[in-house]
Structure formats: structure tokens, C-alpha cells
2 protein chains.
Amino acid sequence: MTARKPKPAPRPPSAAEAVPRGRRSTINDIARLAGVSKKTVSRVINESPFVRAETREKVREIIREIGFTPDPQARGLAFRRAFLIGMIYDNPSAQYIVNMQQGILDAMRGTSFELVIRPSDRASPTFLEDILHFVERQKLFGVILPPSMSEDERLIRLLDEIDCPCVRIASVALGPRETMIVTHDHTGGKSAARYLADLGHRKIAHISGPATFRSAHERRRGFSEGLAESGLKLERKFDREAGYTFETGYAAAKSLLAAEERPTAIFTGNDEMALGAYKAAREAGLDIPKDLSVVGFDDSPLAERVWPLLTTIKLPIRDMGRMAAEKLLATQKQRKGEPAASADVIPTLVVRDSATKPA
Amino acid sequence: MTARKPKPAPRPPSAAEAVPRGRRSTINDIARLAGVSKKTVSRVINESPFVRAETREKVREIIREIGFTPDPQARGLAFRRAFLIGMIYDNPSAQYIVNMQQGILDAMRGTSFELVIRPSDRASPTFLEDILHFVERQKLFGVILPPSMSEDERLIRLLDEIDCPCVRIASVALGPRETMIVTHDHTGGKSAARYLADLGHRKIAHISGPATFRSAHERRRGFSEGLAESGLKLERKFDREAGYTFETGYAAAKSLLAAEERPTAIFTGNDEMALGAYKAAREAGLDIPKDLSVVGFDDSPLAERVWPLLTTIKLPIRDMGRMAAEKLLATQKQRKGEPAASADVIPTLVVRDSATKPA
DNA sequence: CTGAAAGCGCTTACAG
DNA sequence: CTGAAAGCGCTTACAG
């Protein structure tokens with residue numbers, strides 16, 4: 001038996017050294033070091049008010065010194081709820097998704113929560129079943145639903161039944177304020193109408209998103225109202241429904257530009273479709289903005305990559321993600337009468353080069 | 001006391017009914033129903049060979065009937081490892097990120113793993129520390145690293161030290177085959193060179209990505225080699241380094257086009273920079289492709305949105321994500337001599353409208 | 001305000 | 001091939 005190497009000369013002992021190396025420290029280590037029970041440590045971690053201030057401070061001190069963080073898995077098992085937040089989405093725009101993920105993560109920074117993502121297809125026959133399994137198996141703390149997931153009432157009902165908190169992001173208030181981020185797309189549509197009307201356009205067309213998206217309806221409604229304010233009307237022949245995609249936007253614009261009476265301006269329900277309109281205009285030999293003004297919606301990065309730079313309506317997507325996550329996290333510690341976090345966001349016009357006075 | 005409602009007429013009893021409703025069934029329910037110990041159920045779940053075939057079948061039958069899935073949290077706690085896979089990234093392209101996430105999720109479908117995402121900044125002073133906390137606290141099963149995370153040797157070393165499996169996606173083999181998806185960007189660069197040389201171009205420029213990205217180097221190297229095959233050379237005056245962004249691509253192209261001797265074609269290290277070249281060409285009054293041919297790299301969705309449609313080199317990003325996740329999952333059950341999954345991906349030329357014969 | 005016991009739903013040694 | 005005991009790292013009742 002070789003004798004153990006003698007320990008190096010003793011340095012002043014610190015709590016950090018009292019924990020075996022190579023093993024993550026646990027609540028038991030903290031309890032031992034602080035001379036309290038693990039239950040008390042647990043109380044400190046969970047911010048229970050039933051701990052003497054002095055005790056709490058001592059425990060906190062040790063926790064800080066050791067750099068202890070409770071194991072989310074063990075905590076979750078005992079809580080019967082995981083420290084995971086799900087994002088369930090079907091939005092086709094990659095930039096939208098990534099920005100929103102960023103925003104959600106902004107809000108989660110410093111917490112012990114993590115983000116689990118779940119692209120899903122509402123049209124799948126096993127859609128609800130899949131979500132059910134996902135949420136139940138992972139015991140998600142809650143979920144965030146951007147459009148059009150946020151508009152699926154079957155989904156909302158399901159989540160409600162299994163008691164899974166959710167925050168919905170949608171163009172109008174579809175539920176109670178504590179569970180909604182409202183983006184007021186209607187206002188954005190109105191801005192677009194005002195802008196084009198003020199430039200002097202009279203023959204103004206609209207290419208809207210699919211009827212299955214609430215936002216498509218809201219943008220169109222706001223646009224109509226905005227025109228009305230200027231004594232204009234969204235005429236039937238200038239009113240097209242498309243699918244929020246480049247191809248459908250192109251097709252709709254093409255048919256608009258091929259008609260006897262051509263619009264001098266088009267407002268599209270999103271930027272993708274605006275680029276479709278670019279293509280149709282080019283093919284028709286029309287110059288943007290000289291012969292045709294175009295205004296989009298979203299302010300996707302595309303808007304600054306194309307020529308001419310696209311004038312569009314911007315939604316602060318990252319902020320929306322952050323706000324949604326904040327709301328979700330707030331549901332756990334809804335302190336006495338603390339007012340619910342802000343729930344509203346307003347789209348704003350970003351003027352670039354794709355719209356001007358009519359010829 | 002009101003009497004309980006009499007039970008409806010008894011139906012043939014099934015295992016499903018033997019489990020209390022409103023509570024998720026556990027391994028104990030299965031054990032009881034199958035008349036075995038929970039340990040045996042656990043063996044079946046974990047595909048241990050030490051279970052009699054008959055016993056295994058019986059247990060499986062019950063599991064199927066009940067629709068039981070083990071609690072990943074409890075399993076993780078006992079395993080000392082979570083059923084979570086992390087994706088750590090800093091790639092600025094949203095489409096790249098979303099596609100790769102999709103691919104990873106493709107591979108995870110049907111498993112009990114979930115994907116946790118982590119955008120990170122390699123330049124942050126707390127970068128390594130943050131990752132360390134993230135991986136250790138969540139006890140991640142493993143991580144997937146796209147470029148340029150995959151190229152960070154400090155990160156690789158750290159993950160190795162804490163025993164966290166990782167799969168790296170990179171343009172060249174930076175580590176053992178079981179831990180790599182190799183994208184051979186070099187080959188893509190070569191294709192671009194061949195294509196432009198075959199069209200008859202002789203004055204061909206390159207705008208590369210930043211030196212901090214291995215892919216930038218590889219694409220440039222392949223391009224150089226491809227030119228050499230046609231007896232051409234990447235001349236110094238036609239060789240520019242930029243930053244993989246629209247703005248830096250624009251600036252580089254502008255300087256190329258302002259020079260005394262102008263190139264007739266430009267190969268850019270990615271699509272973003274190609275669009276920068278579009279802008280520079282437009283400003284210089286040059287028509288693409290008549291006066292200037294442009295070839296990009298990535299085949300981002302932008303490539304089909306702009307005009308003219310961008311000829312570019314495509315990487316199957318979603319497949320790469322899927323392959324990486326498959327590799328990571330394979331590390332757990334690397335059966336006897338089972339050959340490691342394929343690790344290679346080849347970029348391919350997608351011909352559209354932005355390149356043609358020189359004038 | 002504080003703690004000892006039991007439990008969350010699994011798996012890892014250890015026996016047999 | 002199978003099982004009873006102990007444990008993963010926390011929290012929830014329940015006492016005091």
C-alpha cells in the first residue's frame with residue numbers, strides 16, 4: 001500500500017474547498033457548509049419568505065462562493081414540471097423564427113430555463129396528438145405560440161385541458177391579457193394605406209395573405225380603413241388573396257398588372273409577396289417605383305438586399321419573443337397585484353425606395 | 001353523503017383500465033401489470049439483452065397497450081445525463097440555422113430526445129464559461145456544432161474535458177470520423193471555378209469570407225485549384241477578403257469594379273456577398289450577367305428571390321443537421337463493429353441566371 | 001422559522 | 001435471466 005501523498009501546506013480553508021472536486025456540488029453540500037438542513041437551502045433557492053434573513057444571507061453566501069446551481073432535472077422531477085419552455089411554430093419565414101428564438105432566449109438568460117423548439121404542421125392528422133405527447137412527456141413549464149399556432153383554438157383548448165400555460169402572439173387579442181402579445185397588424189395596414197394615399201396614389205391594390213392567417217385579415221382590414229380615411233376604397237378588382245409566399249405573390253401581382261386598369265401601387269401582406277410583385281413588375285416592363293409603388297410587411301432582411309430597397313412595415317419580432325417569454329415566466333411568481341407586463345406592440349412604417357408619387 | 005354513481009356495466013377489463021386515470025402511468029404500473037419487477041421493465045426499456053424473449057414481449061405488449069413512455073427527467077436524473085441535445089451556433093444566416101434545426105429534429109423524431117438551442121458569441125469574454133455552465137447544468141447528452149463553432153479548438157477541448165460528446169460540422173475533417181460531418185467546401189469552390197472558366201471567362205475575381213472561418217479558406221482554395229485546372233490563376237488584384245455580409249461584399253465588389261482592369265466574373269464566398277456584388281454592379285451601370293457574371297455559395301432562399309436569379313453552390317444543410325444528430329445519437333449504442341454513419345457531403349452547382357459567357 | 005421523513009420516476013450496483 | 005435495496009438531487013407534506 002503506497003502511502004497517500006501528503007497534502008500541500010494548508011491554505012486558509014474556504015467553502016469551495018470543502019466540496020469534493022470532480023463532482024458537482026449539491027444542495028447537501030450547501031446545507032452541510034451552512035449548518036442548516038437541505039430543506040432550508042431549498043427554501044432559499046425557491047425564495048420562500050419563511051427563512052430568517054440572517055439564515056438566508058448565510059446560505060446565499062455559500063451558494064455564491066461554491067458557484068452552486070441546483071440541478072434542473074432533479075428540481076423538475078420533484079416539482080413535477082420541467083424547466084423547459086417550448087416554442088411551437090409553423091411560420092415559414094426563417095428570419096422570423098430565428099429572431100423570435102433570440103428574443104425568447106433574451107428573456108431566459110440568467111434563469112435556469114431552457115428553450116426547446118418544435119416546428120409543427122397544423123394540417124398533420126396527428127398534430128394535436130403529437131403536441132400532447134410532447135408537452136406531457138417533457139412536462140413543459142409552458143409554451144409560446146407565434147402565429148398561426150396562436151390562432152388554433154383546438155390547440156389552445158388542449159393546452160388548457162392539460163394545464164400547460166401558454167402565451168400567444170397574435171395580431172389581435174384572442175384571449176386574456178396575461179396570455180397574449182398583441183401585434184396590432186391592423187395599425188400597420190393603416191400606415192401603409194396612409195402613406196400611399198398621401199403620396200397621391202388613387203389606384204391602390206392589395207395582395208393579402210391566406211385567409212387561414214388572422215394576420216392576413218387584420219392587415220387587410222387596417223389597409224381598408226386607412227384608405228377610407230382618405231376617401232378611398234379597396235376596390236374589388238384591386239383586392240387579391242395569396243399565400244404569403246413569393247410564388248403566390250408573383251401570381252397575384254401578375255394578374256393585377258395584366259388587367260385593363262392597372263394599379264399604381266400595391267401593398268402586399270408580407271415582404272415575400274412584395275418580392276413576387278417585383279418580379280411581376282420587371283416582367284411587365286414596369287419600373288419600381290416610377291411605374292409602380294410597392295409596400296411590404298415584416299421588414300425581413302430581404303428588404304435591404306433587393307433593389308430597389310423595399311419600403312415596408314416593421315414588427316419588432318425579437319422584442320415580441322422576449323415579451324412573450326417574460327409573460328410566461330411571470331406566471332410562476334405573479335406577485336401580489338404586480339401589474340401584468342406590457343402586452344402590446346405596434347408595427348411601424350420603414351420608408352425605403354420602393355414607393356414614390358404616381359407618375 | 002350522496003352515493004357514488006353506479007359503475008357502468010363492466011366491459012372486458014384491459015390493461016389500460018388498470019391504471020388510475022388523470023395520472024401518467026409509470027414504470028411501476030407496467031411492472032405490476034406484467035407481473036415483473038420494475039427493474040425488468042427498465043431492462044426492456046433500455047434494450048438490455050438480459051431478459052427472456054418471452055418476458056420482453058409481455059412487457060412490450062403492456063407498454064404498447066398503455067401507451068407508456070418513460071419520464072425523460074427521471075431517467076435523466078438516474079442516468080446522470082439528460083435527454084437533451086444542444087445546438088451551439090453563431091452562424092449569421094437565419095435560413096442556415098432554421099434548416100439545420102429542422103435536420104436535427106428530423107433525426108430526433110421518435111426518440112425521447114429534445115433539441116435545446118444556444119446562439120453564442122465566440123468573441124464574448126465569458127464564452128467558454130457560459131458554455132461550460134450550460135452543458136454541465138443541463139447535463140446535455142451531447143452537442144452539435146456548425147461552423148464556426150466547430151472550428152473553435154478551445155471549445156472542443158473544453159467539451160472533451162467535461163466528457164460531453166459532440167459532432168462538428170465543418171468544411172474539412174478537423175477530428176475523428178465519428179465526430180465529424182465534412183462538407184468539402186473546397187469541392188464547391190472548384191465547381192464554381194470550372195463553371196466560370198468553361199463559360200470562357202479569363203478575368204475572374206473572388207471575394208472570400210473572413211479568415212476566421214475555415215470555410216472561407218476552403219472555398220477560396222478550391223476555387224484557386226479549379227482555376228489552375230484551366231490554366232488560370234487567381235490573381236492578387238482579383239482576390240479580396242470580406243466578412244460574409246452584404247455590406248462587406250458590396251464594398252469588395254465596388255473596389256473590384258472601380259479598378260482599371262475589371263473582372264468579367266466574380267465568385268463570392270456566400271450568397272449574401274453575391275447580393276452585395278449585385279448592388280455594386282448596378283451602381284456601376286453594369287448588367288448581370290451580360291457585363292458581369294456572379295456565382296454565390298449557399299443557395300439561400302434569397303438566391304431565388306433576386307433578379308437575376310443567382311447561380312450558386314448548394315450545401316444540403318438540412319441533411320447535414322440530420323446526419324450530425326444521427327451520429328450523435330449513434331454514440332450511445334455504437335454496436336459491435338457497426339460502421340460509422342456517412343460523414344460526407346458534397347456541395348453542388350445550381351445554375352440559374354447570374355452567369356453567362358463574357359461579352 | 002426550521003427539520004426529518006417520504007417521494008418524484010427512474011437506474012445502478014449487488015445478490016441470487 | 002430476475003429482483004430488492006439504495007440512490008440520482010431535489011421538493012412536498014407534516015411536525016414542531
# chains A, B, ... in the order shown; residues from 1 in each chain; ligands from 1
$ select_by_dssp --residues "range 43-257 of chain A" --states "strand (DSSP E or B)" --output "MDAnalysis selection string"
chainID A and resid 84:89 114:119 142:145 166:170 180:182 204:208 239:241
$ interface_residues --of "chain C" --to "chain A" --cutoff "10 Å" --atoms "only C-alpha atoms (C1' of nucleotides)" --output "ChimeraX atom specification"
/C:1-4,7-9
$ write_last_selection --atoms "N, CA and C atoms (P, O5', C5', C4', C3', O3' and C1' of nucleotides)" --output "tab-separated table (two decimals), in the first residue's frame"
chain	number	residue	atom	x	y	z
C	1	DC	P	-39.94	34.80	9.91
C	1	DC	O5'	-39.24	33.46	10.38
C	1	DC	C5'	-37.85	33.30	10.44
C	1	DC	C4'	-37.63	31.99	11.11
C	1	DC	C3'	-36.88	30.97	10.24
C	1	DC	O3'	-35.63	30.68	10.85
C	1	DC	C1'	-38.77	29.99	11.33
C	2	DT	P	-34.49	29.98	10.08
C	2	DT	O5'	-34.83	28.45	10.34
C	2	DT	C5'	-34.57	27.89	11.61
C	2	DT	C4'	-34.96	26.43	11.62
C	2	DT	C3'	-34.30	25.60	10.52
C	2	DT	O3'	-33.39	24.70	11.12
C	2	DT	C1'	-36.60	25.05	10.81
C	3	DG	P	-32.51	23.72	10.24
C	3	DG	O5'	-33.31	22.35	10.40
C	3	DG	C5'	-33.60	21.87	11.71
C	3	DG	C4'	-34.37	20.58	11.61
C	3	DG	C3'	-33.77	19.54	10.65
C	3	DG	O3'	-33.86	18.27	11.26
C	3	DG	C1'	-36.01	19.97	10.04
C	4	DA	P	-32.85	17.12	10.83
C	4	DA	O5'	-33.73	15.80	11.04
C	4	DA	C5'	-34.79	15.78	11.97
C	4	DA	C4'	-35.76	14.66	11.64
C	4	DA	C3'	-35.14	13.48	10.91
C	4	DA	O3'	-35.91	12.32	11.20
C	4	DA	C1'	-36.61	14.59	9.45
C	7	DG	P	-43.52	7.40	0.88
C	7	DG	O5'	-43.26	8.35	-0.38
C	7	DG	C5'	-43.98	9.57	-0.48
C	7	DG	C4'	-43.50	10.30	-1.72
C	7	DG	C3'	-43.26	9.35	-2.90
C	7	DG	O3'	-43.82	9.91	-4.07
C	7	DG	C1'	-41.35	10.66	-2.51
C	8	DC	P	-44.12	8.99	-5.34
C	8	DC	O5'	-43.74	9.94	-6.55
C	8	DC	C5'	-44.07	11.31	-6.57
C	8	DC	C4'	-43.14	12.00	-7.54
C	8	DC	C3'	-42.65	11.09	-8.66
C	8	DC	O3'	-43.49	11.27	-9.79
C	8	DC	C1'	-40.83	12.37	-7.69
C	9	DG	P	-44.28	9.97	-10.39
C	9	DG	O5'	-43.15	9.28	-11.27
C	9	DG	C5'	-42.55	10.01	-12.32
C	9	DG	C4'	-41.32	9.29	-12.77
C	9	DG	C3'	-41.50	7.82	-13.14
C	9	DG	O3'	-40.80	7.57	-14.33
C	9	DG	C1'	-39.75	8.03	-11.61
$ interface_residues --of "chain B" --to "chain A" --cutoff "7 Å" --atoms "only C-alpha atoms" --output "short mmCIF file (atom, residue, chain, number, x, y, z; two decimals) with N, CA and C atoms, in the first residue's frame"
data_model
loop_
_atom_site.label_atom_id
_atom_site.label_comp_id
_atom_site.auth_asym_id
_atom_site.auth_seq_id
_atom_site.Cartn_x
_atom_site.Cartn_y
_atom_site.Cartn_z
N ASP B 71 -40.46 8.69 -18.21
CA ASP B 71 -40.24 10.10 -17.93
C ASP B 71 -38.77 10.45 -18.18
N PRO B 72 -38.52 11.30 -19.18
CA PRO B 72 -37.12 11.60 -19.51
C PRO B 72 -36.38 12.26 -18.36
N GLN B 73 -37.11 12.98 -17.54
CA GLN B 73 -36.49 13.68 -16.44
C GLN B 73 -35.98 12.69 -15.38
N ALA B 74 -36.83 11.75 -15.04
CA ALA B 74 -36.44 10.76 -14.04
C ALA B 74 -35.31 9.88 -14.58
N LEU B 77 -32.16 11.85 -14.50
CA LEU B 77 -31.61 12.01 -13.15
C LEU B 77 -30.83 10.75 -12.76
N ALA B 94 -30.04 33.17 -40.92
CA ALA B 94 -31.22 32.59 -40.27
C ALA B 94 -31.65 31.32 -40.98
N GLN B 95 -31.60 31.35 -42.30
CA GLN B 95 -32.05 30.20 -43.06
C GLN B 95 -31.17 28.99 -42.78
N VAL B 98 -32.20 27.67 -39.28
CA VAL B 98 -33.51 27.00 -39.26
C VAL B 98 -33.45 25.67 -40.00
N GLU B 114 -34.75 15.82 -27.00
CA GLU B 114 -35.24 17.11 -27.45
C GLU B 114 -34.05 18.01 -27.77
N LEU B 115 -34.33 19.01 -28.58
CA LEU B 115 -33.28 19.93 -29.01
C LEU B 115 -33.34 21.24 -28.23
N VAL B 116 -32.22 21.60 -27.66
CA VAL B 116 -32.10 22.85 -26.92
C VAL B 116 -31.12 23.73 -27.68
N ILE B 117 -31.51 24.97 -27.97
CA ILE B 117 -30.66 25.78 -28.84
C ILE B 117 -29.90 26.85 -28.06
N ARG B 137 -24.84 22.19 -16.37
CA ARG B 137 -26.07 22.30 -15.62
C ARG B 137 -27.16 21.44 -16.22
N GLN B 138 -27.26 21.49 -17.54
CA GLN B 138 -28.30 20.71 -18.20
C GLN B 138 -27.89 19.25 -18.38
N LEU B 275 -25.05 39.23 -53.31
CA LEU B 275 -26.04 40.30 -53.45
C LEU B 275 -25.39 41.66 -53.27
N ARG B 305 -35.01 34.82 -55.02
CA ARG B 305 -35.88 35.98 -54.84
C ARG B 305 -35.36 37.19 -55.59
N VAL B 306 -34.09 37.18 -55.91
CA VAL B 306 -33.48 38.35 -56.51
C VAL B 306 -33.50 38.24 -58.02
#
$ residues_around --residues "range 284-290 of chain A" --least-positions-apart "5" --cutoff "10 Å" --atoms "only C-alpha atoms (C1' of nucleotides)" --output "list in words"
Lys254, Leu257, Ala258, Thr264, Ala265, Ala277, Tyr278, Lys279, Trp307, Pro308, Leu309, Leu310, Asp353, Ser354, Ala355, Thr356, Lys357, Pro358 and Ala359 of chain A
$ write_last_selection --atoms "N, CA and C atoms" --output "mmCIF file, in the first residue's frame"
data_model
loop_
_atom_site.group_PDB
_atom_site.id
_atom_site.type_symbol
_atom_site.label_atom_id
_atom_site.label_comp_id
_atom_site.auth_asym_id
_atom_site.auth_seq_id
_atom_site.Cartn_x
_atom_site.Cartn_y
_atom_site.Cartn_z
ATOM 1 N N LYS A 254 -48.970 39.573 -60.984
ATOM 2 C CA LYS A 254 -49.012 39.415 -62.426
ATOM 3 C C LYS A 254 -50.417 39.660 -62.963
ATOM 4 N N LEU A 257 -51.305 43.324 -62.765
ATOM 5 C CA LEU A 257 -50.630 44.171 -63.748
ATOM 6 C C LEU A 257 -51.068 43.879 -65.178
ATOM 7 N N ALA A 258 -51.694 42.730 -65.364
ATOM 8 C CA ALA A 258 -52.144 42.363 -66.704
ATOM 9 C C ALA A 258 -53.528 42.935 -67.017
ATOM 10 N N THR A 264 -51.465 51.761 -59.469
ATOM 11 C CA THR A 264 -50.169 52.449 -59.459
ATOM 12 C C THR A 264 -49.381 52.087 -58.204
ATOM 13 N N ALA A 265 -50.051 51.390 -57.310
ATOM 14 C CA ALA A 265 -49.364 50.980 -56.076
ATOM 15 C C ALA A 265 -49.958 49.673 -55.572
ATOM 16 N N ALA A 277 -44.076 40.622 -56.371
ATOM 17 C CA ALA A 277 -44.562 41.768 -57.142
ATOM 18 C C ALA A 277 -43.414 42.415 -57.921
ATOM 19 N N TYR A 278 -42.226 42.451 -57.309
ATOM 20 C CA TYR A 278 -41.052 42.965 -58.017
ATOM 21 C C TYR A 278 -40.860 42.197 -59.321
ATOM 22 N N LYS A 279 -40.931 40.896 -59.195
ATOM 23 C CA LYS A 279 -40.683 40.049 -60.357
ATOM 24 C C LYS A 279 -41.740 40.304 -61.440
ATOM 25 N N TRP A 307 -33.345 45.271 -54.866
ATOM 26 C CA TRP A 307 -33.281 46.587 -55.476
ATOM 27 C C TRP A 307 -34.564 46.840 -56.227
ATOM 28 N N PRO A 308 -35.239 47.941 -56.022
ATOM 29 C CA PRO A 308 -34.900 48.965 -55.029
ATOM 30 C C PRO A 308 -35.212 48.491 -53.610
ATOM 31 N N LEU A 309 -34.542 49.087 -52.632
ATOM 32 C CA LEU A 309 -34.785 48.738 -51.242
ATOM 33 C C LEU A 309 -36.280 48.854 -50.941
ATOM 34 N N LEU A 310 -36.784 47.885 -50.240
ATOM 35 C CA LEU A 310 -38.225 47.783 -50.048
ATOM 36 C C LEU A 310 -38.761 48.612 -48.883
ATOM 37 N N ASP A 353 -37.022 52.700 -50.715
ATOM 38 C CA ASP A 353 -37.053 53.252 -52.072
ATOM 39 C C ASP A 353 -38.117 52.697 -53.012
ATOM 40 N N SER A 354 -38.993 51.860 -52.522
ATOM 41 C CA SER A 354 -39.873 51.170 -53.468
ATOM 42 C C SER A 354 -41.226 51.848 -53.685
ATOM 43 N N ALA A 355 -41.402 53.008 -53.052
ATOM 44 C CA ALA A 355 -42.666 53.714 -53.280
ATOM 45 C C ALA A 355 -42.395 55.195 -53.468
ATOM 46 N N THR A 356 -43.138 55.786 -54.377
ATOM 47 C CA THR A 356 -42.990 57.229 -54.615
ATOM 48 C C THR A 356 -44.303 57.756 -55.175
ATOM 49 N N LYS A 357 -44.325 59.032 -55.549
ATOM 50 C CA LYS A 357 -45.545 59.608 -56.123
ATOM 51 C C LYS A 357 -45.900 58.878 -57.415
ATOM 52 N N PRO A 358 -47.166 58.811 -57.730
ATOM 53 C CA PRO A 358 -47.547 58.177 -59.010
ATOM 54 C C PRO A 358 -47.104 59.063 -60.176
ATOM 55 N N ALA A 359 -46.853 58.441 -61.292
ATOM 56 C CA ALA A 359 -46.360 59.173 -62.466
ATOM 57 C C ALA A 359 -47.360 60.220 -62.925
#
$ select_by_dssp --residues "range 56-305 of chain B" --states "alpha helix (DSSP H)" --output "PyMOL selection string"
chain B and resi 56-66+72-79+94-108+127-138+153-161+185-199+214-229+246-258+271-283
$ write_last_selection --atoms "C-alpha atoms" --output "mmCIF file, in the first residue's frame"
data_model
loop_
_atom_site.group_PDB
_atom_site.id
_atom_site.type_symbol
_atom_site.label_atom_id
_atom_site.label_comp_id
_atom_site.auth_asym_id
_atom_site.auth_seq_id
_atom_site.Cartn_x
_atom_site.Cartn_y
_atom_site.Cartn_z
ATOM 1 C CA ARG B 56 -39.639 -8.947 -23.002
ATOM 2 C CA GLU B 57 -42.574 -9.468 -25.303
ATOM 3 C CA LYS B 58 -45.072 -9.442 -22.484
ATOM 4 C CA VAL B 59 -43.676 -6.215 -21.094
ATOM 5 C CA ARG B 60 -43.566 -4.614 -24.513
ATOM 6 C CA GLU B 61 -47.157 -5.587 -25.078
ATOM 7 C CA ILE B 62 -48.305 -3.845 -21.919
ATOM 8 C CA ILE B 63 -46.218 -0.783 -22.652
ATOM 9 C CA ARG B 64 -47.827 -0.508 -26.042
ATOM 10 C CA GLU B 65 -51.306 -1.012 -24.688
ATOM 11 C CA ILE B 66 -50.931 1.629 -22.004
ATOM 12 C CA PRO B 72 -37.119 11.596 -19.512
ATOM 13 C CA GLN B 73 -36.485 13.676 -16.442
ATOM 14 C CA ALA B 74 -36.443 10.761 -14.044
ATOM 15 C CA ARG B 75 -34.438 8.725 -16.460
ATOM 16 C CA GLY B 76 -32.009 11.550 -16.873
ATOM 17 C CA LEU B 77 -31.609 12.005 -13.153
ATOM 18 C CA ALA B 78 -30.767 8.349 -12.681
ATOM 19 C CA PHE B 79 -28.549 8.240 -15.756
ATOM 20 C CA ALA B 94 -31.217 32.594 -40.275
ATOM 21 C CA GLN B 95 -32.055 30.196 -43.056
ATOM 22 C CA TYR B 96 -28.962 28.159 -42.347
ATOM 23 C CA ILE B 97 -29.874 27.893 -38.692
ATOM 24 C CA VAL B 98 -33.506 27.004 -39.260
ATOM 25 C CA ASN B 99 -32.672 24.393 -41.883
ATOM 26 C CA MET B 100 -30.129 22.786 -39.654
ATOM 27 C CA GLN B 101 -32.520 22.768 -36.709
ATOM 28 C CA GLN B 102 -35.016 21.019 -38.949
ATOM 29 C CA GLY B 103 -32.481 18.407 -39.930
ATOM 30 C CA ILE B 104 -31.516 17.734 -36.341
ATOM 31 C CA LEU B 105 -35.169 17.389 -35.395
ATOM 32 C CA ASP B 106 -35.683 15.012 -38.323
ATOM 33 C CA ALA B 107 -33.181 12.659 -36.758
ATOM 34 C CA MET B 108 -34.614 13.052 -33.283
ATOM 35 C CA PHE B 127 -17.961 32.453 -23.937
ATOM 36 C CA LEU B 128 -16.307 29.281 -22.681
ATOM 37 C CA GLU B 129 -17.546 29.761 -19.164
ATOM 38 C CA ASP B 130 -21.125 30.184 -20.402
ATOM 39 C CA ILE B 131 -20.977 27.049 -22.488
ATOM 40 C CA LEU B 132 -19.471 25.134 -19.594
ATOM 41 C CA HIS B 133 -22.318 26.131 -17.319
ATOM 42 C CA PHE B 134 -24.881 25.409 -19.975
ATOM 43 C CA VAL B 135 -23.622 21.919 -20.732
ATOM 44 C CA GLU B 136 -22.932 20.958 -17.143
ATOM 45 C CA ARG B 137 -26.075 22.300 -15.616
ATOM 46 C CA GLN B 138 -28.305 20.709 -18.200
ATOM 47 C CA GLU B 153 -10.371 24.372 -30.646
ATOM 48 C CA ARG B 154 -10.736 25.831 -27.167
ATOM 49 C CA LEU B 155 -14.371 24.832 -27.227
ATOM 50 C CA ILE B 156 -13.584 21.329 -28.448
ATOM 51 C CA ARG B 157 -11.023 20.906 -25.706
ATOM 52 C CA LEU B 158 -13.451 22.103 -23.086
ATOM 53 C CA LEU B 159 -16.178 19.711 -24.212
ATOM 54 C CA ASP B 160 -13.693 16.896 -24.247
ATOM 55 C CA GLU B 161 -12.589 17.677 -20.705
ATOM 56 C CA ASP B 185 -16.443 23.282 -49.419
ATOM 57 C CA HIS B 186 -13.254 23.019 -51.356
ATOM 58 C CA THR B 187 -15.095 20.983 -53.997
ATOM 59 C CA GLY B 188 -17.773 23.627 -54.261
ATOM 60 C CA GLY B 189 -15.192 26.301 -54.897
ATOM 61 C CA LYS B 190 -13.707 24.127 -57.592
ATOM 62 C CA SER B 191 -17.083 23.700 -59.327
ATOM 63 C CA ALA B 192 -17.565 27.443 -59.394
ATOM 64 C CA ALA B 193 -14.143 27.950 -60.965
ATOM 65 C CA ARG B 194 -14.728 25.268 -63.598
ATOM 66 C CA TYR B 195 -18.099 26.644 -64.487
ATOM 67 C CA LEU B 196 -16.853 30.187 -64.993
ATOM 68 C CA ALA B 197 -13.732 29.055 -66.832
ATOM 69 C CA ASP B 198 -15.796 26.820 -69.114
ATOM 70 C CA LEU B 199 -18.046 29.744 -69.926
ATOM 71 C CA ARG B 214 -12.301 27.786 -42.152
ATOM 72 C CA SER B 215 -14.940 27.548 -44.860
ATOM 73 C CA ALA B 216 -13.785 30.861 -46.316
ATOM 74 C CA HIS B 217 -10.330 29.439 -46.719
ATOM 75 C CA GLU B 218 -11.586 26.160 -48.209
ATOM 76 C CA ARG B 219 -13.873 27.774 -50.733
ATOM 77 C CA ARG B 220 -11.074 30.016 -51.871
ATOM 78 C CA ARG B 221 -8.604 27.164 -52.047
ATOM 79 C CA GLY B 222 -10.957 25.043 -54.153
ATOM 80 C CA PHE B 223 -11.628 27.991 -56.407
ATOM 81 C CA SER B 224 -7.938 28.571 -56.917
ATOM 82 C CA GLU B 225 -7.377 24.932 -57.768
ATOM 83 C CA GLY B 226 -10.292 24.916 -60.179
ATOM 84 C CA LEU B 227 -8.856 27.891 -61.997
ATOM 85 C CA ALA B 228 -5.462 26.235 -62.131
ATOM 86 C CA GLU B 229 -7.019 23.227 -63.862
ATOM 87 C CA PHE B 246 -23.952 42.014 -47.626
ATOM 88 C CA GLU B 247 -22.136 45.219 -46.767
ATOM 89 C CA THR B 248 -18.619 43.827 -46.887
ATOM 90 C CA GLY B 249 -19.431 42.015 -50.126
ATOM 91 C CA TYR B 250 -20.703 45.245 -51.598
ATOM 92 C CA ALA B 251 -17.576 47.134 -50.597
ATOM 93 C CA ALA B 252 -15.260 44.473 -52.012
ATOM 94 C CA ALA B 253 -17.174 44.271 -55.287
ATOM 95 C CA LYS B 254 -17.226 48.022 -55.580
ATOM 96 C CA SER B 255 -13.477 48.211 -55.321
ATOM 97 C CA LEU B 256 -13.082 45.391 -57.863
ATOM 98 C CA LEU B 257 -15.355 47.120 -60.331
ATOM 99 C CA ALA B 258 -13.730 50.510 -59.858
ATOM 100 C CA ASP B 271 -24.870 34.438 -51.333
ATOM 101 C CA GLU B 272 -25.080 37.450 -49.079
ATOM 102 C CA MET B 273 -21.901 38.832 -50.557
ATOM 103 C CA ALA B 274 -23.129 37.956 -54.044
ATOM 104 C CA LEU B 275 -26.035 40.295 -53.453
ATOM 105 C CA GLY B 276 -23.583 42.930 -52.369
ATOM 106 C CA ALA B 277 -21.930 42.428 -55.750
ATOM 107 C CA TYR B 278 -25.319 42.868 -57.416
ATOM 108 C CA LYS B 279 -25.649 46.227 -55.791
ATOM 109 C CA ALA B 280 -22.147 47.320 -56.748
ATOM 110 C CA ALA B 281 -22.736 46.237 -60.350
ATOM 111 C CA ARG B 282 -25.999 48.151 -60.546
ATOM 112 C CA GLU B 283 -24.326 51.264 -59.223
#
$ atom_distance --atom1 "CA of Gly209 in chain B" --atom2 "CA of Cys166 in chain B"
25.4 Å
$ atom_distance --atom1 "CA of Thr111 in chain B" --atom2 "CA of Val345 in chain B"
24.5 Å
$ atom_distance --atom1 "CA of Pro347 in chain B" --atom2 "CA of Met323 in chain B"
15.2 Å
